[in-house]
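Okay, final.tsv now, which holds TSV, C-alpha atoms:
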chain	number	residue	atom	x	y	z
W	194	MET	CA	-22.67	-13.61	26.37
W	195	LYS	CA	-20.80	-13.39	23.08
W	196	VAL	CA	-17.59	-15.41	22.88
W	197	TYR	CA	-14.82	-13.89	20.81
W	198	ASN	CA	-12.13	-15.77	18.97
W	199	THR	CA	-8.95	-14.92	20.82
W	200	THR	CA	-6.63	-17.05	18.73
W	201	ARG	CA	-3.33	-15.24	18.65
W	202	LEU	CA	-0.99	-15.07	15.71
W	203	ALA	CA	2.60	-16.11	16.42
W	204	PHE	CA	4.07	-12.60	16.09
W	205	GLN	CA	1.56	-11.17	18.59
W	206	THR	CA	3.24	-12.98	21.47
W	207	ALA	CA	6.57	-11.26	20.87
W	208	PRO	CA	7.56	-8.53	23.32
W	209	VAL	CA	6.92	-4.98	22.21
W	210	SER	CA	10.05	-3.39	20.81
W	211	LEU	CA	10.21	0.36	20.39
W	212	SER	CA	13.23	0.06	18.10
W	213	ARG	CA	11.36	-2.45	15.89
W	214	TRP	CA	8.37	-0.10	15.78
W	215	LYS	CA	10.57	2.83	14.77
W	216	THR	CA	12.21	0.71	12.08
W	217	VAL	CA	8.95	-0.47	10.51
W	218	THR	CA	7.28	2.95	10.64
W	219	ALA	CA	10.36	4.58	9.08
W	220	ALA	CA	10.32	1.95	6.32
W	221	PHE	CA	6.61	2.59	5.70
W	222	ASP	CA	7.06	6.37	5.66
W	223	GLN	CA	9.98	6.07	3.23
W	224	ALA	CA	8.11	3.67	0.94
W	225	LEU	CA	5.10	5.98	0.88
W	226	ALA	CA	7.28	9.03	0.18
W	227	ASP	CA	9.03	7.16	-2.65
W	228	LEU	CA	5.68	6.17	-4.15
W	229	HIS	CA	4.21	9.67	-3.95
W	230	GLY	CA	7.41	11.23	-5.31
W	231	PHE	CA	7.41	8.80	-8.23
W	232	GLU	CA	3.76	9.55	-8.93
W	233	GLN	CA	4.41	13.28	-9.11
W	234	GLU	CA	7.70	13.17	-10.97
W	235	PHE	CA	7.12	10.31	-13.40
W	236	LEU	CA	3.70	8.63	-13.35
W	237	GLU	CA	1.46	11.66	-13.80
W	238	PRO	CA	3.54	13.25	-16.60
W	239	ALA	CA	3.76	9.88	-18.37
W	240	ARG	CA	0.03	9.31	-17.94
W	241	ARG	CA	-0.76	12.77	-19.35
W	242	ALA	CA	1.57	12.22	-22.33
W	243	TYR	CA	0.06	8.81	-23.07
W	244	GLN	CA	-3.48	10.15	-22.70
W	245	ALA	CA	-2.72	13.09	-25.03
W	246	VAL	CA	-1.78	10.61	-27.75
W	247	ARG	CA	-4.65	8.27	-26.99
W	248	ASP	CA	-7.19	11.13	-26.98
W	249	LYS	CA	-6.50	11.79	-30.65
W	250	TRP	CA	-8.62	8.74	-31.47
W	251	PRO	CA	-11.87	7.38	-29.99
W	252	GLY	CA	-11.40	4.93	-27.12
W	253	ASP	CA	-12.64	1.96	-29.14
W	254	TYR	CA	-10.56	2.88	-32.19
W	255	GLN	CA	-8.39	0.02	-33.40
W	256	PRO	CA	-5.65	1.44	-35.63
W	257	ARG	CA	-4.56	-0.60	-38.61
W	258	GLU	CA	-1.02	-1.93	-38.79
W	259	GLY	CA	1.46	0.67	-40.00
W	260	THR	CA	-0.83	3.67	-39.69
W	261	LEU	CA	0.28	6.87	-37.99
W	262	ALA	CA	-2.23	6.22	-35.19
W	263	GLN	CA	-0.85	2.75	-34.52
W	264	ILE	CA	2.76	3.96	-34.52
W	265	GLN	CA	2.03	6.87	-32.16
W	266	ILE	CA	0.00	4.72	-29.75
W	267	GLU	CA	2.73	2.05	-29.66
W	268	LYS	CA	5.42	4.66	-28.99
W	269	ALA	CA	3.36	6.25	-26.21
W	270	SER	CA	2.68	2.80	-24.70
W	271	ALA	CA	6.37	1.90	-24.87
W	272	VAL	CA	7.14	4.93	-22.70
W	273	PHE	CA	4.17	4.59	-20.34
W	274	GLU	CA	4.19	0.84	-19.62
W	275	PRO	CA	7.59	0.71	-17.83
W	276	VAL	CA	6.56	3.71	-15.73
W	277	ARG	CA	3.32	2.00	-14.81
W	278	ALA	CA	5.19	-1.22	-13.98
W	279	ARG	CA	7.61	0.67	-11.72
W	280	HIS	CA	4.66	2.34	-10.00
W	281	ALA	CA	3.08	-1.06	-9.35
W	282	ALA	CA	6.37	-2.29	-7.86
W	283	LEU	CA	6.59	0.75	-5.56
W	284	ALA	CA	2.96	0.25	-4.51
W	285	GLY	CA	3.86	-3.35	-3.63
W	286	ILE	CA	6.70	-2.10	-1.44
W	287	VAL	CA	4.25	0.21	0.36
W	288	ASP	CA	1.86	-2.71	0.87
W	289	ASP	CA	4.66	-4.88	2.29
W	290	ALA	CA	5.82	-2.07	4.60
W	291	ALA	CA	2.24	-1.51	5.78
W	292	ASP	CA	1.85	-5.23	6.47
W	293	ASP	CA	5.07	-5.18	8.52
W	294	MET	CA	3.88	-2.17	10.47
W	295	LEU	CA	0.41	-3.61	11.11
W	296	ALA	CA	1.97	-6.89	12.27
W	297	THR	CA	4.38	-5.17	14.66
W	298	PRO	CA	2.91	-4.73	18.14
W	299	ALA	CA	2.18	-1.08	18.83
W	300	PRO	CA	4.25	0.16	21.78
W	301	SER	CA	1.70	2.85	22.73
W	302	ILE	CA	-1.78	4.17	22.09
W	303	ALA	CA	-0.24	6.79	19.77
W	304	ALA	CA	1.41	4.02	17.76
W	305	MET	CA	-1.87	2.15	17.59
W	306	ALA	CA	-3.53	5.33	16.29
W	307	ILE	CA	-0.96	5.42	13.49
W	308	LYS	CA	-1.83	1.84	12.57
W	309	LEU	CA	-5.54	2.66	12.61
W	310	ARG	CA	-5.01	5.74	10.45
W	311	VAL	CA	-3.11	3.70	7.85
W	312	ALA	CA	-5.83	1.04	7.83
W	313	VAL	CA	-8.74	3.51	7.71
W	314	GLU	CA	-7.30	6.06	5.27
W	315	GLY	CA	-6.42	3.32	2.83
W	316	GLU	CA	-2.84	4.37	2.13
W	317	CYS	CA	-2.22	0.79	1.20
W	318	ARG	CA	-4.03	-2.35	0.22
W	319	GLY	CA	-1.77	-4.68	2.12
W	320	ARG	CA	-1.63	-8.40	1.69
W	321	ARG	CA	-3.90	-9.35	4.59
W	322	SER	CA	-7.66	-9.28	4.76
W	323	ALA	CA	-9.46	-6.53	6.65
W	324	GLU	CA	-10.45	-9.14	9.25
W	325	GLU	CA	-6.82	-10.14	9.84
W	326	ASN	CA	-5.82	-6.49	10.24
W	327	LEU	CA	-8.66	-5.94	12.70
W	328	ARG	CA	-7.41	-8.89	14.74
W	329	LEU	CA	-3.95	-7.33	14.85
W	330	LEU	CA	-5.43	-4.02	16.01
W	331	LEU	CA	-7.60	-5.78	18.57
W	332	ALA	CA	-4.53	-7.53	19.96
W	333	ASP	CA	-2.84	-4.12	20.35
W	334	ALA	CA	-5.89	-2.67	22.08
W	335	GLN	CA	-6.14	-5.62	24.46
W	336	ARG	CA	-2.44	-5.56	25.29
W	337	LEU	CA	-2.32	-1.78	25.75
W	338	SER	CA	-5.44	-1.80	27.94
W	339	GLY	CA	-4.13	-4.66	30.05
W	340	GLU	CA	-7.06	-6.87	29.05
W	341	SER	CA	-6.36	-10.57	29.16
W	342	THR	CA	-6.50	-12.17	25.72
W	343	GLY	CA	-7.06	-15.70	26.85

Mind turning the file's structure into structure tokens?
Amino acid sequence: MKVYNTTRLAFQTAPVSLSRWKTVTAAFDQALADLHGFEQEFLEPARRAYQAVRDKWPGDYQPREGTLAQIQIEKASAVFEPVRARHAALAGIVDDAADDMLATPAPSIAAMAIKLRVAVEGECRGRRSAEENLRLLLADAQRLSGESTG
């Protein structure tokens, strides 16, 4: 008979709170909407503009100081880099919100399905390992099924 590690993380012993679940899922949904909106409105246009400048020269081309190529590439980079940095920050907010949601006990099977969908569809990278996230989901499944966790 296989023995499973049933070590519980501290937050898994907390009572299930529907209001907490609603709060964390709303935060995740908002963070994801903000990220996708930023991608459409700012990141993709900035990426296309930068790429249009960069495509004028071969990828390995190293422009000399003071040349038109160097000036145009620097200007395009100066516009694109802050946009890319903001995108990375928004992606970090999504990851943090996903981590909060995955760590919050699911109040129902439907809530657990939401957590599984986020984990499987890869909407976020999160800060935890896949194994840690699976343990969180296992704890939900055990609790929702009434199975004793040790």

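Shortest separation to Glu237 in chain W among W:His280, W:Thr297, W:Arg213, W:Lys249 occurs at residue W:His280, atoms counted being all atoms listed in the file.
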
Self-check item: Ref. answer, residues at most 7 Å from (-0.4, 2.1, 25.8) with all atoms listed in the file, as a list in words
Solution: Pro300, Ser301, Ile302, Leu337 and Ser338 of chain W

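For the pair CA of Ala284 in chain W and CA of Leu228 in chain W, the interatomic distance is 6.5 Å.
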
Quiz prompt | Distance criterion (all atoms listed in the file): nearest to Arg247 in chain W out of W:Asp333, W:Glu325, W:Asp222, W:Glu267 | solution = W:Glu267

Self-check item: Who sits within 10 Å of Tyr243 in chain W, all atoms listed in the file, same chain under 2 positions skipped, as a ChimeraX atom specification
Solution: /W:237-241,245-248,265-274

Practice problem: Kindly provide, as an MDAnalysis selection string, the polymer residues lying within 9 Å of (8.7, -0.2, 10.8), counting only C-alpha atoms and using the coordinates exactly as they appear in the file. | Solution: chainID W and resid 212:222 290:291 293:295 297

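The nearest approach to Ser210 in chain W among the residues W:Ala299, W:Gln335, W:Trp250, W:Leu309, with all atoms listed in the file taken into account, belongs to W:Ala299.
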
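Here CA of Gln233 in chain W and CA of Ala262 in chain W stand 27.8 Å from one another.
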
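Put simply, CA of Gly315 in chain W is 16.6 Å away from CA of Gln223 in chain W.
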
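Using all atoms listed in the file for every distance, the candidate list W:Gln263, W:Leu330, W:Pro251, W:Pro298 yields W:Leu330 as the residue closest to Ala312 in chain W.
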
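Checking W:Asp292, W:Glu232, W:Pro275, W:Val287 one by one against Ala323 in chain W, counting only C-alpha atoms, you find the shortest gap at W:Asp292.
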
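Among the candidates W:Met305, W:Ala242, W:Leu327, W:Leu236, the one nearest to Arg277 in chain W when counting only C-alpha atoms is W:Leu236.
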